[in-house]
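Colleague: Here's a structure for you.
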Amino acid sequence: MTGTTVAEVRAELAALDDPKARAVNERHGDDHGVNLGKLRALAKRLKTQQELAVGLWATGDTAARLLALLICRPKAFTRDELDVMQREARAPKVRDWLVNYVVKKSPHAEELRLAWSADPDPVVAAAGWALTTERVAKKPEGLDLAGLLDVIEAEMKDAPDRLQWAMNHCLAQIGIEHPEHRARAIGIGERLEVLKDYPTSPGCTSPYAPVWISELVRRRDNT
């Protein structure tokens, strides 16, 4: 599939657009109608093509950008390019995939984590917190976990929705992964009551941090 043009791929994406899928996605703020399984199948066929990925991203189309994130070479982007991409990305799924599939694999991840966490744009700051949560779980050495809990305790309650969600995830991850901070993490969650009444489907774990922490620790202890 090398040599495929942006126009050819966009035509294929247009053919995959499903009005029913679009209606569902739009309820979550994602303006595209391509089934993600079909999008992944297309990415698998295209394989890694950095130049095509850059071209697809430049279109600004959500489905094209999601595909770009699947076929790009994460380490090929500069720090500044990733920063611009994060600020351009407004669809929630694009922001999530950019962080999870590209930035986390980049040599610039730590520098961006620090810069984004302090950004005045809450959407950008949320990406910084997502990267912090990754470090809490996988590379906590050098992180000031008590300091992170201080910030969460002071700021999470009144944070905008997306930033609040990211901070809450970090709170839960600290409680799950670090027993020495677990009681404090649960206590912060209980006092702030963030997402306490969030509707949770049967069989799913509540995002309310005290429940989330307790349930994940219970599962881990029982394995």
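Chain lettering (A, B, ...) mirrors the order of the structure tokens, residue numbering begins at 1 for each chain separately, and ligand numbering begins at 1 in order of display.
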Please provide as a list in words all residues within 10 Å of A:Ala115, with the sequence filter that same-chain residues fewer than 2 positions apart are discarded (counting only C-alpha atoms).

Modeller: Asp83, Ala109, Glu110, Glu111, Leu112, Arg113, Ser117, Ala118, Asp119, Val124, Ala125 and Gly128 of chain A

Colleague: Export N, CA and C atoms of the chosen residues as a short mmCIF file (atom, residue, chain, number, x, y, z; two decimals), in the first residue's frame?

Modeller:
```cif
data_model
loop_
_atom_site.label_atom_id
_atom_site.label_comp_id
_atom_site.auth_asym_id
_atom_site.auth_seq_id
_atom_site.Cartn_x
_atom_site.Cartn_y
_atom_site.Cartn_z
N ASP A 83 3.58 19.22 20.13
CA ASP A 83 2.90 20.27 20.88
C ASP A 83 1.82 20.94 20.01
N ALA A 109 8.38 12.69 25.48
CA ALA A 109 7.21 12.53 26.35
C ALA A 109 7.38 13.23 27.69
N GLU A 110 8.55 13.08 28.33
CA GLU A 110 8.72 13.67 29.66
C GLU A 110 8.75 15.19 29.60
N GLU A 111 9.42 15.73 28.60
CA GLU A 111 9.47 17.19 28.45
C GLU A 111 8.07 17.75 28.22
N LEU A 112 7.29 17.06 27.39
CA LEU A 112 5.93 17.51 27.12
C LEU A 112 5.04 17.33 28.35
N ARG A 113 5.25 16.26 29.10
CA ARG A 113 4.47 16.04 30.32
C ARG A 113 4.60 17.24 31.26
N SER A 117 1.41 19.83 31.71
CA SER A 117 0.75 19.80 33.02
C SER A 117 0.53 21.20 33.58
N ALA A 118 1.41 22.12 33.22
CA ALA A 118 1.33 23.49 33.73
C ALA A 118 0.64 24.44 32.75
N ASP A 119 0.09 23.91 31.66
CA ASP A 119 -0.50 24.77 30.61
C ASP A 119 -1.83 25.35 31.07
N VAL A 124 -5.04 20.84 27.19
CA VAL A 124 -3.61 20.53 27.11
C VAL A 124 -3.12 20.01 28.46
N ALA A 125 -3.55 20.66 29.54
CA ALA A 125 -3.15 20.22 30.88
C ALA A 125 -3.61 18.78 31.14
N GLY A 128 -1.15 16.44 29.85
CA GLY A 128 -0.01 16.35 30.77
C GLY A 128 -0.28 15.42 31.93
#
```

Colleague: Please provide as a VMD selection string all residues within 8 Å of A:Ile152, with the sequence filter that same-chain residues fewer than 6 positions apart are discarded (counting only C-alpha atoms).

Modeller: chain A and resid 167 to 168 171

Colleague: Save out the residues we just selected, N, CA and C atoms, as a compact mmCIF listing (two decimals), in the first residue's frame.

Modeller:
```txt
# COMPACT_ATOMS: atom_id res chain seq x y z
N MET A 167 -7.10 14.19 36.20
CA MET A 167 -6.55 14.27 37.55
C MET A 167 -7.10 13.14 38.42
N ASN A 168 -8.38 12.84 38.24
CA ASN A 168 -9.01 11.75 39.00
C ASN A 168 -8.37 10.41 38.65
N LEU A 171 -5.16 10.26 40.48
CA LEU A 171 -5.43 9.98 41.89
C LEU A 171 -5.65 8.49 42.11
```

Colleague: Would you mind listing what lies within 12 Å of A:Ala76 as a VMD selection string, with only C-alpha atoms counted and same-chain residues fewer than 4 positions away left out?

Modeller: chain A and resid 48 to 51 53 to 54 71 to 72 80 to 82 102 to 103 105 to 108

Colleague: Leaving out A:Val6 and any residue of its chain fewer than 4 positions from it, which residues lie within 8 Å of it when counting only C-alpha atoms, given as an MDAnalysis selection string?

Modeller: chainID A and resid 10 52 55:56

Colleague: So, with only C-alpha atoms as the atoms that count, which of A:Glu153, A:Ala21, A:His181, A:Arg220 lies closest to A:Glu193?

Modeller: A:Glu153

Colleague: Any idea what's packed within 6 Å of A:Trp129, counting only C-alpha atoms, ignoring anything in its chain fewer than 3 positions away? Could you give it as a PyMOL selection string?

Modeller: chain A and resi 117+126+132+166

Colleague: I'd like the neighbourhood of A:Ala172 as a PyMOL selection string, where a residue qualifies if any of its atoms comes within 7 Å (using only C-alpha atoms), though same-chain residues fewer than 4 positions away should be ignored.

Modeller: chain A and resi 168+176+209+212-213

Colleague: Got a sec to tell me which of stretch 21-206 of chain A DSSP assigns to helix (DSSP H, G or I), as a PyMOL selection string?

Modeller: chain A and resi 21-27+36-46+50-58+62-71+74-76+79-88+92-105+109-117+122-138+145-155+161-177+179-192

Colleague: If you count only C-alpha atoms, which residues fall within 9 Å of A:Met156, apart from same-chain ones fewer than 4 positions away, as a list in words?

Modeller: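 Here the qualifying residues turn out to be Val151, Ile152, Pro160, Leu163, Gln164, Trp165, Met167, Asn168, Leu192 and Val194 of chain A.
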
Colleague: Please produce a file of the residues just selected, as a CSV table (one decimal), in the first residue's frame, where the atoms kept are N, CA, C and O atoms.

Modeller:
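Saved result, part28.csv, follows:
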```csv
chain,number,residue,atom,x,y,z
A,151,VAL,N,-1.7,18.7,44.8
A,151,VAL,CA,-2.3,19.5,43.7
A,151,VAL,C,-3.7,19.0,43.4
A,151,VAL,O,-4.6,19.7,43.2
A,152,ILE,N,-3.8,17.6,43.4
A,152,ILE,CA,-5.1,17.0,43.1
A,152,ILE,C,-6.1,17.5,44.2
A,152,ILE,O,-7.3,17.9,43.9
A,160,PRO,N,-12.1,21.9,35.1
A,160,PRO,CA,-13.0,21.6,34.0
A,160,PRO,C,-13.1,20.1,33.8
A,160,PRO,O,-12.1,19.4,34.1
A,163,LEU,N,-10.0,17.9,32.4
A,163,LEU,CA,-8.9,18.0,33.3
A,163,LEU,C,-9.2,17.3,34.6
A,163,LEU,O,-8.4,16.6,35.1
A,164,GLN,N,-10.4,17.5,35.1
A,164,GLN,CA,-10.9,16.8,36.3
A,164,GLN,C,-10.8,15.3,36.1
A,164,GLN,O,-10.3,14.6,37.0
A,165,TRP,N,-11.2,14.8,35.0
A,165,TRP,CA,-11.2,13.3,34.7
A,165,TRP,C,-9.7,12.8,34.7
A,165,TRP,O,-9.5,11.8,35.3
A,167,MET,N,-7.1,14.2,36.2
A,167,MET,CA,-6.5,14.3,37.6
A,167,MET,C,-7.1,13.1,38.4
A,167,MET,O,-6.4,12.5,39.2
A,168,ASN,N,-8.4,12.8,38.2
A,168,ASN,CA,-9.0,11.8,39.0
A,168,ASN,C,-8.4,10.4,38.7
A,168,ASN,O,-8.2,9.6,39.5
A,192,LEU,N,-13.6,14.9,48.3
A,192,LEU,CA,-14.0,15.7,47.1
A,192,LEU,C,-15.2,15.2,46.4
A,192,LEU,O,-15.9,15.9,45.7
A,194,VAL,N,-15.6,13.6,43.7
A,194,VAL,CA,-15.6,13.8,42.2
A,194,VAL,C,-16.0,12.5,41.6
A,194,VAL,O,-15.5,11.4,41.9
```

Colleague: Can you tell me how far atom CA of A:Pro207 sits from atom CA of A:Arg135, in Å to one decimal?

Modeller: 19.4 Å

Colleague: Quick one: pull the distance between atom CA of A:Thr133 and atom CA of A:Arg27, Å, one decimal.

Modeller: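 Straight-line distance from atom CA of A:Thr133 to atom CA of A:Arg27 works out to 26.3 Å.
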